[in-house]
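Engineer: Sharing a structure here in structure tokens format.
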Amino acid sequence: MNRIDADWLREFDEAMLGFFAIDHAEAGMDERELSWYADLPPDDAALAYGQDYVMCRIDAFWPSPGLGRTT
């Protein structure tokens with residue numbers, strides 16, 4: 001099993017929080033499970049994890065920042 005790079009993990013957690021409002025620890029991911037995604041860029045890994053576990057993205061309910069609302 002490969003050791004998880006600290007920078008990758010930080011960026012992965014940021015992506016997880018941005019997409020799903022949860023980080024790897026809150027998701028219950030251990031080093032073994034993280035290693036399944038560590039070959040992907042952090043954003044892609046977070047999205048792949050969310051897809052694998054059928055997680056609902058937070059922007060499904062709230063629009064992403066920067067998307068203008070028409071009123």
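Starting from 1 in every chain, residues are counted up; chains themselves are A, B, ... following the order of the structure tokens, and ligands are numbered from 1 as listed.
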Hey, what's within 10 Å of Glu14 (chain A) if we count only C-alpha atoms and toss same-chain stuff fewer than 5 positions away? As a ChimeraX atom specification, please?
Structural biologist: /A:8-9,19-24,42-43,46
Engineer: Residues near region 10-12 of chain A, anyone? I mean within 12 Å using only C-alpha atoms, not counting same-chain ones fewer than 3 positions away, as number ranges by chain.
Structural biologist: A: 4-7, 15-20, 22-25, 29, 34-35, 37-50
Engineer: Would you output that residue set with N, CA and C atoms, as a PDB file, in the first residue's frame?
Structural biologist:
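Written file, selection11.pdb:
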```pdb
ATOM      1  N   ILE A   4      -0.004   7.949   1.520  1.00  0.00           N
ATOM      2  CA  ILE A   4      -0.761   9.054   0.937  1.00  0.00           C
ATOM      3  C   ILE A   4       0.005  10.355   1.146  1.00  0.00           C
ATOM      4  N   ASP A   5       0.207  11.098   0.059  1.00  0.00           N
ATOM      5  CA  ASP A   5       0.888  12.384   0.097  1.00  0.00           C
ATOM      6  C   ASP A   5       0.040  13.395   0.873  1.00  0.00           C
ATOM      7  N   ALA A   6       0.655  14.119   1.795  1.00  0.00           N
ATOM      8  CA  ALA A   6      -0.072  15.067   2.645  1.00  0.00           C
ATOM      9  C   ALA A   6      -0.713  16.191   1.835  1.00  0.00           C
ATOM     10  N   ASP A   7      -0.022  16.684   0.803  1.00  0.00           N
ATOM     11  CA  ASP A   7      -0.592  17.751  -0.026  1.00  0.00           C
ATOM     12  C   ASP A   7      -1.805  17.246  -0.801  1.00  0.00           C
ATOM     13  N   ALA A  15     -11.626  19.366  -1.755  1.00  0.00           N
ATOM     14  CA  ALA A  15     -12.568  19.011  -2.812  1.00  0.00           C
ATOM     15  C   ALA A  15     -13.786  18.294  -2.239  1.00  0.00           C
ATOM     16  N   MET A  16     -13.566  17.363  -1.322  1.00  0.00           N
ATOM     17  CA  MET A  16     -14.679  16.652  -0.692  1.00  0.00           C
ATOM     18  C   MET A  16     -15.606  17.628   0.033  1.00  0.00           C
ATOM     19  N   LEU A  17     -15.015  18.568   0.745  1.00  0.00           N
ATOM     20  CA  LEU A  17     -15.824  19.561   1.444  1.00  0.00           C
ATOM     21  C   LEU A  17     -16.605  20.429   0.467  1.00  0.00           C
ATOM     22  N   GLY A  18     -15.967  20.803  -0.631  1.00  0.00           N
ATOM     23  CA  GLY A  18     -16.622  21.632  -1.634  1.00  0.00           C
ATOM     24  C   GLY A  18     -17.740  20.918  -2.374  1.00  0.00           C
ATOM     25  N   PHE A  19     -17.558  19.643  -2.649  1.00  0.00           N
ATOM     26  CA  PHE A  19     -18.571  18.881  -3.393  1.00  0.00           C
ATOM     27  C   PHE A  19     -19.629  18.256  -2.489  1.00  0.00           C
ATOM     28  N   PHE A  20     -19.215  17.770  -1.303  1.00  0.00           N
ATOM     29  CA  PHE A  20     -20.112  16.942  -0.488  1.00  0.00           C
ATOM     30  C   PHE A  20     -20.251  17.398   0.970  1.00  0.00           C
ATOM     31  N   ILE A  22     -18.190  17.135   3.405  1.00  0.00           N
ATOM     32  CA  ILE A  22     -17.656  16.096   4.281  1.00  0.00           C
ATOM     33  C   ILE A  22     -16.191  15.865   3.892  1.00  0.00           C
ATOM     34  N   ASP A  23     -15.338  15.566   4.864  1.00  0.00           N
ATOM     35  CA  ASP A  23     -13.948  15.254   4.514  1.00  0.00           C
ATOM     36  C   ASP A  23     -13.727  13.739   4.625  1.00  0.00           C
ATOM     37  N   HIS A  24     -12.501  13.301   4.360  1.00  0.00           N
ATOM     38  CA  HIS A  24     -12.248  11.855   4.330  1.00  0.00           C
ATOM     39  C   HIS A  24     -12.472  11.203   5.690  1.00  0.00           C
ATOM     40  N   ALA A  25     -12.123  11.896   6.762  1.00  0.00           N
ATOM     41  CA  ALA A  25     -12.302  11.325   8.101  1.00  0.00           C
ATOM     42  C   ALA A  25     -13.788  11.167   8.417  1.00  0.00           C
ATOM     43  N   MET A  29     -13.038   7.116   5.663  1.00  0.00           N
ATOM     44  CA  MET A  29     -12.022   6.561   4.770  1.00  0.00           C
ATOM     45  C   MET A  29     -10.727   6.302   5.547  1.00  0.00           C
ATOM     46  N   LEU A  34      -8.270   5.354   0.774  1.00  0.00           N
ATOM     47  CA  LEU A  34      -7.701   6.538   0.121  1.00  0.00           C
ATOM     48  C   LEU A  34      -6.761   6.137  -1.016  1.00  0.00           C
ATOM     49  N   SER A  35      -6.020   5.047  -0.823  1.00  0.00           N
ATOM     50  CA  SER A  35      -5.050   4.625  -1.844  1.00  0.00           C
ATOM     51  C   SER A  35      -5.736   4.220  -3.149  1.00  0.00           C
ATOM     52  N   TYR A  37      -7.905   5.870  -4.645  1.00  0.00           N
ATOM     53  CA  TYR A  37      -8.169   7.095  -5.402  1.00  0.00           C
ATOM     54  C   TYR A  37      -6.928   7.976  -5.579  1.00  0.00           C
ATOM     55  N   ALA A  38      -5.825   7.631  -4.903  1.00  0.00           N
ATOM     56  CA  ALA A  38      -4.646   8.496  -4.851  1.00  0.00           C
ATOM     57  C   ALA A  38      -3.935   8.677  -6.187  1.00  0.00           C
ATOM     58  N   ASP A  39      -4.249   7.842  -7.183  1.00  0.00           N
ATOM     59  CA  ASP A  39      -3.615   8.014  -8.487  1.00  0.00           C
ATOM     60  C   ASP A  39      -4.322   9.074  -9.330  1.00  0.00           C
ATOM     61  N   LEU A  40      -5.449   9.585  -8.841  1.00  0.00           N
ATOM     62  CA  LEU A  40      -6.206  10.630  -9.542  1.00  0.00           C
ATOM     63  C   LEU A  40      -5.882  11.993  -8.948  1.00  0.00           C
ATOM     64  N   PRO A  41      -6.072  13.065  -9.729  1.00  0.00           N
ATOM     65  CA  PRO A  41      -5.976  14.404  -9.135  1.00  0.00           C
ATOM     66  C   PRO A  41      -7.041  14.523  -8.031  1.00  0.00           C
ATOM     67  N   PRO A  42      -6.790  15.335  -7.003  1.00  0.00           N
ATOM     68  CA  PRO A  42      -7.696  15.406  -5.859  1.00  0.00           C
ATOM     69  C   PRO A  42      -9.162  15.682  -6.215  1.00  0.00           C
ATOM     70  N   ASP A  43      -9.421  16.631  -7.114  1.00  0.00           N
ATOM     71  CA  ASP A  43     -10.805  16.932  -7.498  1.00  0.00           C
ATOM     72  C   ASP A  43     -11.464  15.734  -8.161  1.00  0.00           C
ATOM     73  N   ASP A  44     -10.754  15.094  -9.074  1.00  0.00           N
ATOM     74  CA  ASP A  44     -11.291  13.916  -9.751  1.00  0.00           C
ATOM     75  C   ASP A  44     -11.504  12.767  -8.764  1.00  0.00           C
ATOM     76  N   ALA A  45     -10.590  12.632  -7.823  1.00  0.00           N
ATOM     77  CA  ALA A  45     -10.713  11.567  -6.819  1.00  0.00           C
ATOM     78  C   ALA A  45     -11.945  11.787  -5.945  1.00  0.00           C
ATOM     79  N   ALA A  46     -12.183  13.025  -5.546  1.00  0.00           N
ATOM     80  CA  ALA A  46     -13.361  13.321  -4.729  1.00  0.00           C
ATOM     81  C   ALA A  46     -14.639  13.018  -5.495  1.00  0.00           C
ATOM     82  N   LEU A  47     -14.687  13.406  -6.755  1.00  0.00           N
ATOM     83  CA  LEU A  47     -15.869  13.133  -7.570  1.00  0.00           C
ATOM     84  C   LEU A  47     -16.049  11.632  -7.791  1.00  0.00           C
ATOM     85  N   ALA A  48     -14.958  10.919  -8.006  1.00  0.00           N
ATOM     86  CA  ALA A  48     -15.037   9.472  -8.195  1.00  0.00           C
ATOM     87  C   ALA A  48     -15.535   8.795  -6.924  1.00  0.00           C
ATOM     88  N   TYR A  49     -15.036   9.226  -5.782  1.00  0.00           N
ATOM     89  CA  TYR A  49     -15.493   8.665  -4.514  1.00  0.00           C
ATOM     90  C   TYR A  49     -16.992   8.918  -4.344  1.00  0.00           C
ATOM     91  N   GLY A  50     -17.408  10.142  -4.609  1.00  0.00           N
ATOM     92  CA  GLY A  50     -18.822  10.478  -4.497  1.00  0.00           C
ATOM     93  C   GLY A  50     -19.688   9.648  -5.418  1.00  0.00           C
TER      94      GLY A  50
END
```
Engineer: DSSP on the backbone, then: every residue of chain A marked alpha helix (DSSP H), written as a PyMOL selection string.
Structural biologist: chain A and resi 6-20+31-35+42-52
